[in-house]
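To start, the structure itself, in structure tokens.
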Amino acid sequence: MTLAAYRNLALATIGFTVTFWAWNLISPLGKAFKVALHLTNVQVAVLVAVPVLVGSLGRVPVGALTDRYGARVMFPLVAALTTVPVLLLIPAKNSYAAMLVVGFFLGLGGTTFAIGIPLVNAWFPPDERGLALGVFGMGMGGVALSGYLTPRIHRYDENLPYLVVAVALALFAVSGAMLINDHPDRPVPRTSLAARLGRAGRLRATWELAGLYAVGFGGIVAFGVYLPTYLQTWYHLDAADAGTKAAGFALVTVVFRPVGGWCSDRVHPAVVTAWALGVVALFAVVQAFDPALSLVGTLDFLSMAAGLGAASGSIFALVSRVTPQERVGSVTGIVGAVGGLGGFLPPLVMGAIYSGKGTYAIGFMLLSDLALAGCVYAYGRMRTAGATPTTTPGLS
């Protein structure tokens, strides 16, 4: 591999991490905003959800634009534009309505996933893409980084988190503009944005991959949102202990994402996906029986985290197998959007089930059913998809 490939992978991963920190700036401070603005639980939930929803849906057009203009333009541009809502959080923090508006534009930071995938995919040959895409995917750790650092920096000065993230975004935007390079043989589509999205949407594989990613990455998002609440409600942990354990869950998903990609370079990624989701299905059933958290419960959650992380890595290795290079951005945008949105229904379902039945067991059994369905579909249908990896121009 060339030095340029590794340089672009490193820059993409750093950019992904920083923009995802920005994307998640509001959530860790939700309690502070609730107190300061006298918000209800529903209002806080809406405030947290707005940037996440916009970031998920925004991946669709941003992915298509990346196919057309390349990551060299899109990555620095999105990072630079994201500094605007980050800084606007400072004057907006005293008004709920203003926070909602700024949160909408803050969602732009969550779209960079659809920029980095086609960039990394183009620079690495088929037998190394899985690991490379998995390494890039570790940038989703920016969400965990935000959850850990943002409230701690906020204790020193309530404006400091926004200033720190704005500076980090600006530094990346400048370095990205100077150092990111699209592959010289990258095919550039000439059709319109709507036409490219239409072609991507008509691919059966796009929606098959989106469904699998909704289970894999959607499960990560769902646990990230709801796990602290579950641990406090069911196991009676305090907020700090629940947050620490949730951070450990997130760390395992980040570590196992490149593991799933690495395995996909050696075994068909659909097989890796099937095994990973099978692990999730098995341990979700175990958790439905409410094991003690001190040993079995902790191992249970860490095993599900490993399975979800590995599945998230292997699914995008599968994207590179079944998608022509000139459509990777468009397909990635759709798949990434569905994956992000897939994390919002489970917390609502879990909360509703607990309110109605006084137990979370039904929710974990539903998770097991979904993971098992994904396991069977990945192995039965997707195992033959893209038997020959899609070739990258200039690397074959």
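Simple scheme: letters A, B, ... for chains in structure tokens order, numbers from 1 for residues in each chain, numbers from 1 for ligands in the order shown.
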I need the residues in range 139-282 of chain A that are helix (DSSP H, G or I) according to DSSP; give them as a PyMOL selection string. chain A and resi 139-156+160-179+193-202+204-234+239-264+269-282
Within 10 Å of Val188 in chain A, counting only C-alpha atoms, which residues show up once you throw out same-chain ones fewer than 3 positions away? Write them as a list in words, please.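 Counting only the stated atoms, we get Thr66, Asp67, Arg68, Tyr69, Gly70, Asp185, Thr191, Gln325, Glu326 and Arg327 of chain A.
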Have a look at CA of Val143 in chain A and CA of Asn24 in chain A and let me know their distance in Å, one decimal. 5.8 Å
Which residue gives the smallest distance to Pro161 in chain A among A:Gln43, A:Ala276, A:Leu87, A:Ala144, with only C-alpha atoms counted? A:Leu87
Residue nearest Gly261 in chain A - candidates A:Phe249, A:Phe217, A:Trp275, A:Phe316, atoms counted: only C-alpha atoms: A:Phe316
Just checking: using only C-alpha atoms, which residue out of A:Ile90, A:Ala274, A:Val50, A:Val328 ends up closest to Leu108 in chain A?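 Smallest distance to Leu108 in chain A is found for A:Val50.
Minimum atom-to-atom distance to Gly380 in chain A, evaluated using only C-alpha atoms, belongs to A:Ala270 out of A:Ala270, A:Met350, A:Ala361, A:Ile117.
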Mind giving me the straight-line distance from CA of Ala200 in chain A to CA of Ser330 in chain A in Å, one decimal?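 These two atoms are separated by 6.1 Å.
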Of A:Gly107, A:Gly139, A:Gly58, A:Pro346, the one sitting nearest Gly333 in chain A when using only C-alpha atoms is A:Gly58
